[in-house]
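Take a look at the structure below.
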Amino acid sequence: MNTQQLEYVIAIADEKNLSKAAEKLFVTQPALSQQLKKLEEELQTKLFYKNKNDYLLTDAGRIYVNGAQYILSLYSNALKEIENLNCLGKKRLTIIYRNDMLPVISKEVLPSLAELHENVFIDTIDADGSVAKDYVINGMADLAVMVTKELSHSMLEYIPLRRENLVLAVPDNHRCLKQFNKNPLDFSCFSDDSFILNPPKSTFRSCENEIFSIRQFTPSILYESNDLTVMKHMVSCRKGIAFLPESVREEEGNYVCLPLTPPTTFYVVIAYRKSSILSKPVKDLIKLLLKACDTT
């Protein structure tokens with residue numbers, strides 16, 4: 001990043017004099033004057049006006065200086081963080097996962113990994129499976145713990161952690177609950193209900209669309225969210241109905257979870273590029289994930 005222009009304008013604003021600013025910056029006055037003229041031409045506005053011998057800020061100049069000081073502060077802090085990171089000799093490990101699908105990762109797995117590899121800086125990203133795939137394939141993440149409908153991919157290696165089904169969460173006062181106790185779900189009962197669905201292009205939305213397609217049902221969509229806590233809360237408050245992974249449903253709540261026939265299955269997997277050579281921290285992370293999921 002070239003911060004020279006920012007520093008030039010701040011120095012002129014501080015000194016209110018081109019000669020003093022040039023001396024402070026260790027440049028010649030003509031060079032500083034030329035740089036200021038070039039910048040004002042690019043911005044198509046004046047940053048300073050002259051009052052006798054003083055260079056005073058215009059309104060545009062004040063905006064520019066405030067922004068320049070903020071940018072330089074961010075830049076300086078970023079350089080310090082990078083310097084500290086380099087001094088510590090830490091390596092970066094980027095992991096993508098949805099904590100609401102596997103909370104054991106943040107509670108147990110990552111702290112255990114940090115103890116095993118003190119020289120590794122663990123960077124986490126909360127994202128859906130479709131985003132996770134892109135990040136891992138393009139080398140922006142080392143590993144993902146994600147949801148997928150299939151256990152094979154042309155560019156990714158999958159290690160299954162668990163297999164589960166979606167269930168339909170409906171308010172516990174739903175008018176059709178009695179008939180569901182004896183018969184399979186009849187989606188015609190939900191023609192007057194509003195659905196809380198996952199965002200388009202997400203893995204769960206793909207599952208939801210498949211459910212509707214099989215039953216030739218067109219839902220009325222109230223809200224879209226990839227936050228399972230929000231979805232559960234809205235159903236519990238009787239705002240609508242939603243599909244939830246069977247592992248995240250709560251025993252306490254003003255809603256009932258109903259199984260789907262035929263079941264809609266998905267998998268929680270570890271994903272990494274087939275062409276990648278796994279480092280020791282990544283291998284240990286995989287072992288910790290498998291161990292944690294074996295005991296949950």
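Each chain of the structure tokens is named A, B, ... in the order shown, its residues numbered from 1; ligands are numbered from 1 in display order.
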- Task: Could you please write out, as a ChimeraX atom specification, every residue of region 70-208 of chain A that DSSP assigns to helix (DSSP H, G or I)?
- Result: /A:70-88,104-116,129-137,177-180,187-190,203-208
- Test item: residues at most 8 Å from region 265-278 of chain A, only C-alpha atoms, excluding those fewer than 2 positions along its chain, as a PyMOL selection string: chain A and resi 133+136-137+142-151+155-166+263+280+282-283+286
Any chance you can output those residues with N, CA and C atoms as an mmCIF file, in the first residue's frame?
data_model
loop_
_atom_site.group_PDB
_atom_site.id
_atom_site.type_symbol
_atom_site.label_atom_id
_atom_site.label_comp_id
_atom_site.auth_asym_id
_atom_site.auth_seq_id
_atom_site.Cartn_x
_atom_site.Cartn_y
_atom_site.Cartn_z
ATOM 1 N N LYS A 133 -16.937 -25.195 0.188
ATOM 2 C CA LYS A 133 -16.354 -25.886 -0.964
ATOM 3 C C LYS A 133 -15.474 -24.950 -1.773
ATOM 4 N N VAL A 136 -12.143 -24.062 0.071
ATOM 5 C CA VAL A 136 -11.160 -25.158 0.124
ATOM 6 C C VAL A 136 -10.605 -25.445 -1.274
ATOM 7 N N ILE A 137 -11.459 -25.484 -2.275
ATOM 8 C CA ILE A 137 -11.016 -25.772 -3.649
ATOM 9 C C ILE A 137 -10.033 -24.709 -4.132
ATOM 10 N N ASP A 142 -7.716 -24.373 4.634
ATOM 11 C CA ASP A 142 -7.013 -25.658 4.684
ATOM 12 C C ASP A 142 -7.980 -26.826 4.807
ATOM 13 N N LEU A 143 -9.104 -26.572 5.485
ATOM 14 C CA LEU A 143 -10.008 -27.674 5.794
ATOM 15 C C LEU A 143 -11.383 -27.105 6.133
ATOM 16 N N ALA A 144 -12.428 -27.883 5.841
ATOM 17 C CA ALA A 144 -13.787 -27.462 6.194
ATOM 18 C C ALA A 144 -14.521 -28.603 6.882
ATOM 19 N N VAL A 145 -15.342 -28.249 7.843
ATOM 20 C CA VAL A 145 -16.307 -29.189 8.420
ATOM 21 C C VAL A 145 -17.653 -28.678 7.950
ATOM 22 N N MET A 146 -18.314 -29.436 7.081
ATOM 23 C CA MET A 146 -19.456 -28.887 6.374
ATOM 24 C C MET A 146 -20.553 -29.919 6.156
ATOM 25 N N VAL A 147 -21.677 -29.418 5.697
ATOM 26 C CA VAL A 147 -22.828 -30.256 5.376
ATOM 27 C C VAL A 147 -22.852 -30.502 3.872
ATOM 28 N N THR A 148 -23.118 -31.745 3.478
ATOM 29 C CA THR A 148 -23.210 -32.081 2.063
ATOM 30 C C THR A 148 -24.279 -33.151 1.851
ATOM 31 N N LYS A 149 -24.841 -33.181 0.655
ATOM 32 C CA LYS A 149 -25.842 -34.203 0.337
ATOM 33 C C LYS A 149 -25.191 -35.465 -0.213
ATOM 34 N N GLU A 150 -23.978 -35.309 -0.789
ATOM 35 C CA GLU A 150 -23.277 -36.434 -1.410
ATOM 36 C C GLU A 150 -21.945 -36.664 -0.704
ATOM 37 N N LEU A 151 -21.469 -37.919 -0.757
ATOM 38 C CA LEU A 151 -20.199 -38.252 -0.101
ATOM 39 C C LEU A 151 -19.031 -38.329 -1.078
ATOM 40 N N MET A 155 -13.103 -32.833 -6.693
ATOM 41 C CA MET A 155 -11.904 -32.120 -6.260
ATOM 42 C C MET A 155 -11.651 -32.185 -4.755
ATOM 43 N N LEU A 156 -12.630 -32.690 -4.014
ATOM 44 C CA LEU A 156 -12.503 -32.713 -2.557
ATOM 45 C C LEU A 156 -12.538 -34.137 -2.012
ATOM 46 N N GLU A 157 -11.777 -34.329 -0.955
ATOM 47 C CA GLU A 157 -11.811 -35.584 -0.205
ATOM 48 C C GLU A 157 -12.737 -35.393 0.977
ATOM 49 N N TYR A 158 -13.669 -36.326 1.177
ATOM 50 C CA TYR A 158 -14.606 -36.239 2.288
ATOM 51 C C TYR A 158 -14.345 -37.343 3.307
ATOM 52 N N ILE A 159 -14.332 -36.948 4.591
ATOM 53 C CA ILE A 159 -14.294 -37.912 5.691
ATOM 54 C C ILE A 159 -15.588 -37.727 6.478
ATOM 55 N N PRO A 160 -16.503 -38.706 6.439
ATOM 56 C CA PRO A 160 -17.799 -38.544 7.125
ATOM 57 C C PRO A 160 -17.628 -38.485 8.645
ATOM 58 N N LEU A 161 -18.338 -37.558 9.252
ATOM 59 C CA LEU A 161 -18.389 -37.463 10.706
ATOM 60 C C LEU A 161 -19.700 -38.004 11.256
ATOM 61 N N ARG A 162 -20.789 -37.711 10.539
ATOM 62 C CA ARG A 162 -22.071 -38.285 10.944
ATOM 63 C C ARG A 162 -23.084 -38.134 9.807
ATOM 64 N N ARG A 163 -24.099 -38.961 9.878
ATOM 65 C CA ARG A 163 -25.206 -38.953 8.915
ATOM 66 C C ARG A 163 -26.482 -38.665 9.687
ATOM 67 N N GLU A 164 -27.285 -37.756 9.197
ATOM 68 C CA GLU A 164 -28.541 -37.491 9.880
ATOM 69 C C GLU A 164 -29.607 -36.994 8.911
ATOM 70 N N ASN A 165 -30.818 -36.843 9.430
ATOM 71 C CA ASN A 165 -31.966 -36.450 8.616
ATOM 72 C C ASN A 165 -32.502 -35.094 9.039
ATOM 73 N N LEU A 166 -33.209 -34.466 8.120
ATOM 74 C CA LEU A 166 -33.958 -33.265 8.459
ATOM 75 C C LEU A 166 -35.308 -33.672 9.042
ATOM 76 N N PRO A 263 -37.226 -40.097 4.123
ATOM 77 C CA PRO A 263 -36.317 -39.197 4.855
ATOM 78 C C PRO A 263 -35.449 -38.377 3.911
ATOM 79 N N LYS A 280 1.026 -31.497 9.545
ATOM 80 C CA LYS A 280 0.832 -32.174 10.833
ATOM 81 C C LYS A 280 -0.333 -31.557 11.623
ATOM 82 N N VAL A 282 -3.037 -30.121 10.455
ATOM 83 C CA VAL A 282 -4.290 -30.512 9.811
ATOM 84 C C VAL A 282 -4.607 -31.976 10.116
ATOM 85 N N LYS A 283 -3.595 -32.840 10.085
ATOM 86 C CA LYS A 283 -3.800 -34.254 10.408
ATOM 87 C C LYS A 283 -4.278 -34.420 11.851
ATOM 88 N N ILE A 286 -7.916 -33.395 12.149
ATOM 89 C CA ILE A 286 -8.814 -34.453 11.673
ATOM 90 C C ILE A 286 -8.992 -35.528 12.747
#
Test item: residues at most 9 Å from Leu197 (chain A), only C-alpha atoms, excluding those fewer than 3 positions along its chain, as a compact mmCIF listing (two decimals) with N, CA and C atoms, in the first residue's frame:
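Written output follows (selection38.txt):
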# COMPACT_ATOMS: atom_id res chain seq x y z
N PRO A 200 -31.05 -19.17 -0.41
CA PRO A 200 -30.84 -19.83 -1.70
C PRO A 200 -29.36 -20.19 -1.89
N PHE A 204 -28.55 -26.71 2.78
CA PHE A 204 -29.84 -27.03 3.38
C PHE A 204 -31.01 -26.56 2.51
N ARG A 205 -30.85 -25.44 1.82
CA ARG A 205 -31.93 -24.98 0.94
C ARG A 205 -32.11 -25.97 -0.21
N GLU A 208 -34.21 -28.61 1.17
CA GLU A 208 -35.59 -28.14 1.33
C GLU A 208 -36.32 -28.11 -0.01
N ILE A 221 -43.00 -18.43 1.82
CA ILE A 221 -41.76 -18.18 2.57
C ILE A 221 -41.87 -16.90 3.37
N LEU A 222 -41.73 -17.04 4.69
CA LEU A 222 -41.79 -15.89 5.59
C LEU A 222 -40.42 -15.24 5.75
N TYR A 223 -39.38 -16.09 5.87
CA TYR A 223 -38.06 -15.57 6.23
C TYR A 223 -37.00 -16.57 5.79
N GLU A 224 -35.80 -16.07 5.47
CA GLU A 224 -34.69 -16.94 5.10
C GLU A 224 -33.51 -16.67 6.03
N SER A 225 -32.96 -17.73 6.60
CA SER A 225 -31.84 -17.58 7.54
C SER A 225 -31.02 -18.87 7.56
N ASN A 226 -29.71 -18.72 7.73
CA ASN A 226 -28.87 -19.90 7.92
C ASN A 226 -28.48 -20.08 9.38
N MET A 231 -33.97 -19.85 13.58
CA MET A 231 -35.07 -20.64 13.03
C MET A 231 -35.86 -21.32 14.15
N ILE A 241 -43.05 -22.45 10.31
CA ILE A 241 -42.50 -23.80 10.46
C ILE A 241 -41.19 -23.88 9.69
N ALA A 242 -40.33 -24.83 10.08
CA ALA A 242 -38.99 -24.89 9.49
C ALA A 242 -38.46 -26.32 9.51
N PHE A 243 -37.51 -26.59 8.64
CA PHE A 243 -36.80 -27.86 8.64
C PHE A 243 -35.53 -27.70 9.47
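Comparing A:Lys37, A:Lys291, A:His233, A:Lys50 by their smallest distance to Pro171 (chain A), the closest is A:His233 (using only C-alpha atoms).
Going from CA of Lys107 (chain A) over to CA of Thr124 (chain A), you cover 13.2 Å.
Relative to CA of Ser130 (chain A), CA of Ile214 (chain A) is found at 22.4 Å.
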- Message: At a cut-off of 10 Å, using only C-alpha atoms, what residues contact Gln35 (chain A)? Leave out same-chain residues fewer than 3 positions from it and give the result as a VMD selection string.
- Response: chain A and resid 4 to 5 8 to 9 29 to 32 38 to 41
Saved selection, atoms kept: N, CA and C atoms, as a PDB file, in the first residue's frame:
ATOM      1  N   GLN A   4       2.062   7.387   0.856  1.00  0.00           N
ATOM      2  CA  GLN A   4       2.799   8.648   0.732  1.00  0.00           C
ATOM      3  C   GLN A   4       1.882   9.854   0.613  1.00  0.00           C
ATOM      4  N   GLN A   5       0.883   9.792  -0.284  1.00  0.00           N
ATOM      5  CA  GLN A   5      -0.024  10.926  -0.457  1.00  0.00           C
ATOM      6  C   GLN A   5      -0.763  11.258   0.823  1.00  0.00           C
ATOM      7  N   TYR A   8       1.564  13.099   3.092  1.00  0.00           N
ATOM      8  CA  TYR A   8       1.838  14.449   2.595  1.00  0.00           C
ATOM      9  C   TYR A   8       0.734  15.413   3.012  1.00  0.00           C
ATOM     10  N   VAL A   9      -0.511  15.030   2.791  1.00  0.00           N
ATOM     11  CA  VAL A   9      -1.632  15.918   3.098  1.00  0.00           C
ATOM     12  C   VAL A   9      -1.743  16.158   4.603  1.00  0.00           C
ATOM     13  N   GLN A  29      10.294  21.406  -1.438  1.00  0.00           N
ATOM     14  CA  GLN A  29       8.999  22.087  -1.496  1.00  0.00           C
ATOM     15  C   GLN A  29       8.344  21.961  -2.877  1.00  0.00           C
ATOM     16  N   PRO A  30       9.093  22.117  -3.996  1.00  0.00           N
ATOM     17  CA  PRO A  30       8.461  21.954  -5.314  1.00  0.00           C
ATOM     18  C   PRO A  30       7.862  20.550  -5.510  1.00  0.00           C
ATOM     19  N   ALA A  31       8.572  19.520  -4.998  1.00  0.00           N
ATOM     20  CA  ALA A  31       8.068  18.147  -5.141  1.00  0.00           C
ATOM     21  C   ALA A  31       6.765  17.967  -4.362  1.00  0.00           C
ATOM     22  N   LEU A  32       6.706  18.544  -3.147  1.00  0.00           N
ATOM     23  CA  LEU A  32       5.498  18.439  -2.333  1.00  0.00           C
ATOM     24  C   LEU A  32       4.346  19.205  -2.977  1.00  0.00           C
ATOM     25  N   LYS A  38      -1.244  17.362  -8.066  1.00  0.00           N
ATOM     26  CA  LYS A  38      -1.654  16.127  -8.757  1.00  0.00           C
ATOM     27  C   LYS A  38      -2.842  15.468  -8.046  1.00  0.00           C
ATOM     28  N   LEU A  39      -2.777  15.430  -6.704  1.00  0.00           N
ATOM     29  CA  LEU A  39      -3.851  14.808  -5.934  1.00  0.00           C
ATOM     30  C   LEU A  39      -5.150  15.591  -6.085  1.00  0.00           C
ATOM     31  N   GLU A  40      -5.082  16.912  -6.006  1.00  0.00           N
ATOM     32  CA  GLU A  40      -6.292  17.731  -6.127  1.00  0.00           C
ATOM     33  C   GLU A  40      -6.908  17.598  -7.517  1.00  0.00           C
ATOM     34  N   GLU A  41      -6.070  17.417  -8.536  1.00  0.00           N
ATOM     35  CA  GLU A  41      -6.587  17.200  -9.896  1.00  0.00           C
ATOM     36  C   GLU A  41      -7.307  15.851  -9.988  1.00  0.00           C
TER      37      GLU A  41
END
- Taken to one decimal, the CA of Tyr75 (chain A)-CA of Val27 (chain A) distance is 22.5 Å
- Message: With DSSP run on the backbone, what are the strand (DSSP E or B) residues within region 93-232 of chain A? I'd like them as a VMD selection string.
- Response: chain A and resid 93 to 97 120 to 125 143 to 148 156 to 171 194 to 197 220 to 224
Could those selected residues go to a file with N, CA and C atoms, as a CSV table (one decimal), in the first residue's frame?
chain,number,residue,atom,x,y,z
A,93,LEU,N,-3.6,-21.5,10.1
A,93,LEU,CA,-4.4,-22.6,9.7
A,93,LEU,C,-5.8,-22.1,9.6
A,94,THR,N,-6.4,-22.1,8.4
A,94,THR,CA,-7.8,-21.6,8.2
A,94,THR,C,-8.8,-22.7,8.1
A,95,ILE,N,-9.8,-22.7,9.0
A,95,ILE,CA,-10.8,-23.7,9.0
A,95,ILE,C,-12.2,-23.1,8.9
A,96,ILE,N,-13.0,-23.7,8.1
A,96,ILE,CA,-14.4,-23.3,7.9
A,96,ILE,C,-15.3,-24.3,8.5
A,97,TYR,N,-16.3,-23.8,9.3
A,97,TYR,CA,-17.3,-24.7,9.9
A,97,TYR,C,-18.5,-23.9,10.4
A,120,VAL,N,0.9,-22.4,15.9
A,120,VAL,CA,-0.1,-22.3,14.8
A,120,VAL,C,-1.2,-21.3,15.2
A,121,PHE,N,-1.4,-20.3,14.3
A,121,PHE,CA,-2.5,-19.4,14.5
A,121,PHE,C,-3.8,-19.9,13.8
A,122,ILE,N,-4.8,-20.2,14.5
A,122,ILE,CA,-6.0,-20.8,14.0
A,122,ILE,C,-7.0,-19.7,13.6
A,123,ASP,N,-7.3,-19.7,12.3
A,123,ASP,CA,-8.3,-18.7,11.8
A,123,ASP,C,-9.6,-19.4,11.4
A,124,THR,N,-10.7,-19.0,11.9
A,124,THR,CA,-12.0,-19.7,11.7
A,124,THR,C,-12.9,-18.9,10.9
A,125,ILE,N,-13.7,-19.5,10.0
A,125,ILE,CA,-14.7,-18.8,9.2
A,125,ILE,C,-16.0,-19.6,9.3
A,143,LEU,N,-9.1,-26.6,5.5
A,143,LEU,CA,-10.0,-27.7,5.8
A,143,LEU,C,-11.4,-27.1,6.1
A,144,ALA,N,-12.4,-27.9,5.8
A,144,ALA,CA,-13.8,-27.5,6.2
A,144,ALA,C,-14.5,-28.6,6.9
A,145,VAL,N,-15.3,-28.2,7.8
A,145,VAL,CA,-16.3,-29.2,8.4
A,145,VAL,C,-17.7,-28.7,8.0
A,146,MET,N,-18.3,-29.4,7.1
A,146,MET,CA,-19.5,-28.9,6.4
A,146,MET,C,-20.6,-29.9,6.2
A,147,VAL,N,-21.7,-29.4,5.7
A,147,VAL,CA,-22.8,-30.3,5.4
A,147,VAL,C,-22.9,-30.5,3.9
A,148,THR,N,-23.1,-31.7,3.5
A,148,THR,CA,-23.2,-32.1,2.1
A,148,THR,C,-24.3,-33.2,1.9
A,156,LEU,N,-12.6,-32.7,-4.0
A,156,LEU,CA,-12.5,-32.7,-2.6
A,156,LEU,C,-12.5,-34.1,-2.0
A,157,GLU,N,-11.8,-34.3,-1.0
A,157,GLU,CA,-11.8,-35.6,-0.2
A,157,GLU,C,-12.7,-35.4,1.0
A,158,TYR,N,-13.7,-36.3,1.2
A,158,TYR,CA,-14.6,-36.2,2.3
A,158,TYR,C,-14.3,-37.3,3.3
A,159,ILE,N,-14.3,-36.9,4.6
A,159,ILE,CA,-14.3,-37.9,5.7
A,159,ILE,C,-15.6,-37.7,6.5
A,160,PRO,N,-16.5,-38.7,6.4
A,160,PRO,CA,-17.8,-38.5,7.1
A,160,PRO,C,-17.6,-38.5,8.6
A,161,LEU,N,-18.3,-37.6,9.3
A,161,LEU,CA,-18.4,-37.5,10.7
A,161,LEU,C,-19.7,-38.0,11.3
A,162,ARG,N,-20.8,-37.7,10.5
A,162,ARG,CA,-22.1,-38.3,10.9
A,162,ARG,C,-23.1,-38.1,9.8
A,163,ARG,N,-24.1,-39.0,9.9
A,163,ARG,CA,-25.2,-39.0,8.9
A,163,ARG,C,-26.5,-38.7,9.7
A,164,GLU,N,-27.3,-37.8,9.2
A,164,GLU,CA,-28.5,-37.5,9.9
A,164,GLU,C,-29.6,-37.0,8.9
A,165,ASN,N,-30.8,-36.8,9.4
A,165,ASN,CA,-32.0,-36.5,8.6
A,165,ASN,C,-32.5,-35.1,9.0
A,166,LEU,N,-33.2,-34.5,8.1
A,166,LEU,CA,-34.0,-33.3,8.5
A,166,LEU,C,-35.3,-33.7,9.0
A,167,VAL,N,-35.8,-32.9,10.0
A,167,VAL,CA,-37.1,-33.1,10.5
A,167,VAL,C,-37.9,-31.7,10.3
A,168,LEU,N,-39.2,-31.8,10.4
A,168,LEU,CA,-40.0,-30.6,10.2
A,168,LEU,C,-40.5,-30.1,11.6
A,169,ALA,N,-40.1,-28.9,12.0
A,169,ALA,CA,-40.4,-28.3,13.3
A,169,ALA,C,-41.7,-27.5,13.1
A,170,VAL,N,-42.7,-27.8,13.8
A,170,VAL,CA,-44.0,-27.1,13.8
A,170,VAL,C,-44.4,-26.6,15.2
A,171,PRO,N,-45.1,-25.5,15.3
A,171,PRO,CA,-45.5,-25.1,16.7
A,171,PRO,C,-46.4,-26.1,17.3
A,194,SER,N,-46.6,-20.4,7.0
A,194,SER,CA,-45.4,-19.7,6.5
A,194,SER,C,-44.1,-20.5,6.8
A,195,PHE,N,-43.2,-20.6,5.9
A,195,PHE,CA,-42.0,-21.4,6.1
A,195,PHE,C,-40.8,-20.5,6.4
A,196,ILE,N,-39.9,-20.9,7.3
A,196,ILE,CA,-38.7,-20.3,7.5
A,196,ILE,C,-37.6,-21.2,6.9
A,197,LEU,N,-37.0,-20.7,5.8
A,197,LEU,CA,-36.1,-21.6,5.1
A,197,LEU,C,-34.7,-21.0,5.1
A,220,SER,N,-45.1,-21.0,1.1
A,220,SER,CA,-45.1,-19.5,1.4
A,220,SER,C,-43.9,-19.2,2.3
A,221,ILE,N,-43.0,-18.4,1.8
A,221,ILE,CA,-41.8,-18.2,2.6
A,221,ILE,C,-41.9,-16.9,3.4
A,222,LEU,N,-41.7,-17.0,4.7
A,222,LEU,CA,-41.8,-15.9,5.6
A,222,LEU,C,-40.4,-15.2,5.8
A,223,TYR,N,-39.4,-16.1,5.9
A,223,TYR,CA,-38.1,-15.6,6.2
A,223,TYR,C,-37.0,-16.6,5.8
A,224,GLU,N,-35.8,-16.1,5.5
A,224,GLU,CA,-34.7,-16.9,5.1
A,224,GLU,C,-33.5,-16.7,6.0
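Among the candidates A:Val131, A:Pro262, A:Cys257, A:Arg175, the residue lying nearest to Arg215 (chain A) is A:Pro262 (atoms considered: only C-alpha atoms).
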- Note on the structure: Shortest contact to Leu113 (chain A), candidates A:Lys20, A:Lys232, A:Lys287, A:Arg238, atoms counted only C-alpha atoms, goes to A:Lys287
